[in-house]
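Dropping coords.pdb in here (PDB, C-alpha atoms):
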ATOM      1  CA  MET A 126       0.667  32.311 -75.027
ATOM      2  CA  ASN A 127      -1.490  31.374 -72.019
ATOM      3  CA  GLU A 128      -4.768  31.317 -73.933
ATOM      4  CA  GLY A 129      -6.727  28.081 -73.736
ATOM      5  CA  LEU A 130      -4.648  26.551 -70.959
ATOM      6  CA  SER A 131      -6.163  23.774 -68.888
ATOM      7  CA  PRO A 132      -7.078  24.487 -65.255
ATOM      8  CA  ALA A 133      -4.052  22.448 -64.153
ATOM      9  CA  CYS A 134      -1.648  24.492 -66.275
ATOM     10  CA  ALA A 135      -3.227  27.791 -65.241
ATOM     11  CA  LYS A 136      -2.792  26.822 -61.567
ATOM     12  CA  LEU A 137       0.814  25.773 -62.085
ATOM     13  CA  LEU A 138       1.747  28.988 -63.897
ATOM     14  CA  HIS A 139      -0.082  31.125 -61.337
ATOM     15  CA  GLU A 140       1.696  29.473 -58.404
ATOM     16  CA  LYS A 141       5.066  29.552 -60.193
ATOM     17  CA  SER A 142       4.679  33.292 -60.704
ATOM     18  CA  ARG A 143       3.312  33.933 -57.232
ATOM     19  CA  ARG A 144       6.240  32.112 -55.631
ATOM     20  CA  LYS A 145       8.779  33.684 -58.037
ATOM     21  CA  LEU A 146      10.144  30.279 -59.081
ATOM     22  CA  THR A 147      11.999  29.545 -62.301
ATOM     23  CA  PHE A 148      11.440  26.517 -64.512
ATOM     24  CA  SER A 149      14.990  25.500 -63.662
ATOM     25  CA  GLU A 150      14.226  25.493 -59.922
ATOM     26  CA  ILE A 151      11.029  23.523 -60.421
ATOM     27  CA  ALA A 152      12.759  21.098 -62.806
ATOM     28  CA  GLU A 153      15.406  20.408 -60.195
ATOM     29  CA  GLU A 154      12.695  19.450 -57.684
ATOM     30  CA  LEU A 155      10.992  17.216 -60.262
ATOM     31  CA  ASN A 156      14.262  15.711 -61.489
ATOM     32  CA  HIS A 157      13.417  16.719 -65.076
ATOM     33  CA  ASP A 158      14.920  19.074 -67.645
ATOM     34  CA  GLU A 159      13.755  22.700 -67.495
ATOM     35  CA  VAL A 160      12.399  22.664 -71.075
ATOM     36  CA  TRP A 161      10.348  19.536 -70.338
ATOM     37  CA  THR A 162       9.092  21.195 -67.151
ATOM     38  CA  ALA A 163       8.076  24.354 -69.036
ATOM     39  CA  ALA A 164       6.351  22.152 -71.626
ATOM     40  CA  LEU A 165       4.377  20.530 -68.809
ATOM     41  CA  PHE A 166       3.265  23.934 -67.524
ATOM     42  CA  TYR A 167       1.973  24.790 -71.024
ATOM     43  CA  GLY A 168       0.132  21.505 -71.504
ATOM     44  CA  ARG A 169       2.687  20.001 -73.894
ATOM     45  CA  ALA A 170       3.818  17.100 -71.669
ATOM     46  CA  SER A 171       2.181  14.561 -69.353
ATOM     47  CA  PRO A 172       3.121  14.428 -65.681
ATOM     48  CA  SER A 173       3.536  11.182 -63.791
ATOM     49  CA  LEU A 174       1.719  10.709 -60.504
ATOM     50  CA  LYS A 175       5.062  11.307 -58.783
ATOM     51  CA  ASP A 176       5.438  14.619 -60.684
ATOM     52  CA  ILE A 177       1.955  15.701 -59.628
ATOM     53  CA  HIS A 178       2.683  14.992 -55.963
ATOM     54  CA  LYS A 179       6.019  16.840 -56.086
ATOM     55  CA  LEU A 180       4.395  19.831 -57.818
ATOM     56  CA  ALA A 181       1.543  19.874 -55.330
ATOM     57  CA  GLN A 182       3.983  19.877 -52.428
ATOM     58  CA  LEU A 183       6.262  22.508 -53.966
ATOM     59  CA  LEU A 184       3.398  24.830 -54.957
ATOM     60  CA  ASN A 185       1.151  24.120 -51.962
ATOM     61  CA  LEU A 186      -1.664  22.672 -54.081
ATOM     62  CA  SER A 187      -3.931  19.703 -53.544
ATOM     63  CA  ALA A 188      -2.391  16.674 -55.271
ATOM     64  CA  GLU A 189      -5.836  15.116 -55.725
ATOM     65  CA  THR A 190      -7.262  18.242 -57.371
ATOM     66  CA  LEU A 191      -4.195  18.703 -59.552
ATOM     67  CA  GLN A 192      -4.359  15.058 -60.637
ATOM     68  CA  GLU A 193      -8.056  15.422 -61.479
ATOM     69  CA  ASP A 194      -7.380  18.663 -63.377
ATOM     70  CA  PHE A 195      -4.756  16.917 -65.521
ATOM     71  CA  ARG A 196      -7.026  13.893 -66.034
ATOM     72  CA  THR A 197      -9.992  15.974 -67.190
ATOM     73  CA  SER A 198      -7.769  18.104 -69.457
ATOM     74  CA  GLY A 199      -7.174  15.124 -71.714
ATOM     75  CA  PRO A 200      -3.952  14.346 -73.522
ATOM     76  CA  PRO A 201      -1.182  16.922 -73.894
ATOM     77  CA  ILE A 202      -1.324  19.350 -76.801
ATOM     78  CA  ARG A 203       0.757  17.966 -79.656
ATOM     79  CA  GLN A 204      -0.300  20.093 -82.628
ATOM     80  CA  VAL A 205       1.690  23.124 -83.658
ATOM     81  CA  ARG A 206      -0.067  26.207 -84.970
ATOM     82  CA  PRO A 207       2.186  27.937 -87.528
ATOM     83  CA  GLU A 208       0.583  31.315 -86.803
ATOM     84  CA  ASP A 209       1.868  31.114 -83.221
ATOM     85  CA  ALA A 210       5.466  30.638 -84.356
ATOM     86  CA  ARG A 211       5.290  33.396 -86.984
ATOM     87  CA  ALA A 212       4.255  36.025 -84.456
ATOM     88  CA  ASP A 213       6.692  35.160 -81.682
ATOM     89  CA  PRO A 214      10.093  36.937 -81.645
ATOM     90  CA  VAL A 215      11.806  33.893 -80.118
ATOM     91  CA  THR A 216      10.246  30.958 -81.964
ATOM     92  CA  SER A 217       9.927  32.658 -85.355
ATOM     93  CA  PRO A 218      13.699  32.819 -86.008
ATOM     94  CA  LEU A 219      14.042  29.182 -84.875
ATOM     95  CA  ARG A 220      11.298  28.115 -87.277
ATOM     96  CA  ASP A 221      12.820  30.178 -90.077
ATOM     97  CA  ALA A 222      16.295  28.732 -89.471
ATOM     98  CA  ILE A 223      14.985  25.169 -89.650
ATOM     99  CA  LEU A 224      13.014  25.939 -92.816
ATOM    100  CA  LEU A 225      15.873  27.839 -94.436
ATOM    101  CA  TYR A 226      18.489  25.195 -93.716
ATOM    102  CA  ALA A 227      16.187  22.137 -93.968
ATOM    103  CA  PRO A 228      17.617  20.868 -97.274
ATOM    104  CA  ALA A 229      21.190  21.231 -95.983
ATOM    105  CA  ILE A 230      20.376  19.676 -92.595
ATOM    106  CA  ARG A 231      18.576  16.771 -94.260
ATOM    107  CA  SER A 232      21.455  16.171 -96.696
ATOM    108  CA  VAL A 233      24.073  16.120 -93.948
ATOM    109  CA  ILE A 234      21.941  13.757 -91.834
ATOM    110  CA  TRP A 235      21.361  11.518 -94.862
ATOM    111  CA  GLU A 236      25.107  11.378 -95.603
ATOM    112  CA  ARG A 237      25.970  10.514 -92.007
ATOM    113  CA  MET A 238      23.025   8.335 -91.019
ATOM    114  CA  GLY A 239      21.430   7.068 -94.229
ATOM    115  CA  ASP A 240      17.812   7.366 -95.274
ATOM    116  CA  GLY A 241      15.516   7.723 -92.280
ATOM    117  CA  SER A 242      13.433   9.937 -90.069
ATOM    118  CA  ILE A 243      13.820  11.883 -86.847
ATOM    119  CA  SER A 244      11.491  10.627 -84.125
ATOM    120  CA  LEU A 245       9.628  13.550 -82.540
ATOM    121  CA  PRO A 246       8.457  11.542 -79.487
ATOM    122  CA  HIS A 247      12.127  10.833 -78.727
ATOM    123  CA  THR A 248      13.223  14.466 -79.085
ATOM    124  CA  LYS A 249      14.825  16.309 -76.188
ATOM    125  CA  VAL A 250      15.334  20.074 -76.252
ATOM    126  CA  LYS A 251      17.956  21.928 -74.240
ATOM    127  CA  VAL A 252      18.531  25.648 -73.988
ATOM    128  CA  GLU A 253      21.962  26.746 -72.865
ATOM    129  CA  ALA A 254      23.331  30.211 -72.234
ATOM    130  CA  GLN A 255      26.665  30.597 -73.949
ATOM    131  CA  PRO A 256      29.662  31.942 -72.024
ATOM    132  CA  ALA A 257      29.924  35.708 -71.927
ATOM    133  CA  SER A 258      30.951  37.249 -75.193
ATOM    134  CA  GLN A 259      30.342  40.590 -76.850
ATOM    135  CA  SER A 260      26.695  39.658 -77.236
ATOM    136  CA  GLN A 261      24.493  37.346 -75.254
ATOM    137  CA  ASN A 262      24.131  34.073 -77.129
ATOM    138  CA  ILE A 263      22.027  31.019 -76.560
ATOM    139  CA  LYS A 264      22.415  27.511 -77.846
ATOM    140  CA  VAL A 265      19.348  25.413 -78.631
ATOM    141  CA  VAL A 266      20.084  21.707 -78.906
ATOM    142  CA  LEU A 267      17.645  19.213 -80.408
ATOM    143  CA  GLU A 268      18.534  15.596 -79.686
ATOM    144  CA  SER A 269      16.457  12.772 -81.064
ATOM    145  CA  LYS A 270      16.389   9.170 -82.125
ATOM    146  CA  TYR A 271      17.056   8.594 -85.826
ATOM    147  CA  VAL A 272      14.987   5.790 -87.294
ATOM    148  CA  PRO A 273      16.183   4.304 -90.617
ATOM    149  CA  PHE A 274      13.569   3.622 -93.250
ATOM    150  CA  GLN A 275      13.087  -0.084 -93.864
ATOM    151  CA  SER A 276      13.455  -1.962 -97.117
ATOM    152  CA  TRP A 277      11.123  -4.789 -97.937
TER     153      TRP A 277
END
Using structure tokens, write down the structure that the file contains.
Amino acid sequence: MNEGLSPACAKLLHEKSRRKLTFSEIAEELNHDEVWTAALFYGRASPSLKDIHKLAQLLNLSAETLQEDFRTSGPPIRQVRPEDARADPVTSPLRDAILLYAPAIRSVIWERMGDGSISLPHTKVKVEAQPASQSQNIKVVLESKYVPFQSW
């Protein structure tokens, strides 16, 4: 999962581990969601200059070096490699659930919202632990902008 990470991401993950911090704790300092923060650490999001300075302070890194590392890394990774999802015991069931229920999900969305598309750049992801029950459950929430198709 850490293969091919940029120098900036490798530094962030190393310091997070070394300091025994959670993504939730770091997210609170950055004033971002923990999933967005984790995405940043894996090169899937772009930090603002303010984020870089807060991270540098929190993790005792040079803000200038961290900024340069992010700059030279190029844009965030946006492609998804299906082979990664198939092999992972957490993401594989999520992928399978979306694929399995895609026709039903799409039909319900179409009935409620009309013909359109979900905007990936506007998508927010939240992971919530469910209250104690017989088994430990999680809730994954995807929230996005729905853009109607235009007629012309």
Can you tell me how far atom CA of Leu184 of chain A sits from atom CA of Leu137 of chain A, in Å to one decimal?
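About the pair atom CA of Leu184 of chain A and atom CA of Leu137 of chain A: they are 7.6 Å apart.
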Quick one, how far is atom CA of Leu165 of chain A from atom CA of Leu267 of chain A?
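For atom CA of Leu165 of chain A relative to atom CA of Leu267 of chain A, the distance reads 17.7 Å.
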How big is the axis-aligned box around the listed atoms of segment 211-229 of chain A once 5 Å is added on each side, and where is its centre? Give both in Å to one decimal, as lines of an AutoDock Vina configuration file.
center_x = 12.7
center_y = 28.9
center_z = -88.7
size_x = 26.9
size_y = 26.1
size_z = 27.2
Option closest in space to Arg144 of chain A, from A:Leu183, A:Gly168, A:Glu189, A:His178 [counting only C-alpha atoms]
A:Leu183
In Å, how far is it from atom CA of Asp158 of chain A to atom CA of Val250 of chain A?
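One can read the atom CA of Asp158 of chain A to atom CA of Val250 of chain A distance as 8.7 Å.
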Best match for closeness to Trp161 of chain A among A:Ser244, A:Val252, A:Ser217, A:Gly199, counting all atoms listed in the file
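The closest residue to Trp161 of chain A is A:Val252.
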Across A:Thr216, A:Ser131, A:Asn262, A:Asn156, the smallest distance to Arg196 of chain A, with only C-alpha atoms counted, is shown by A:Ser131
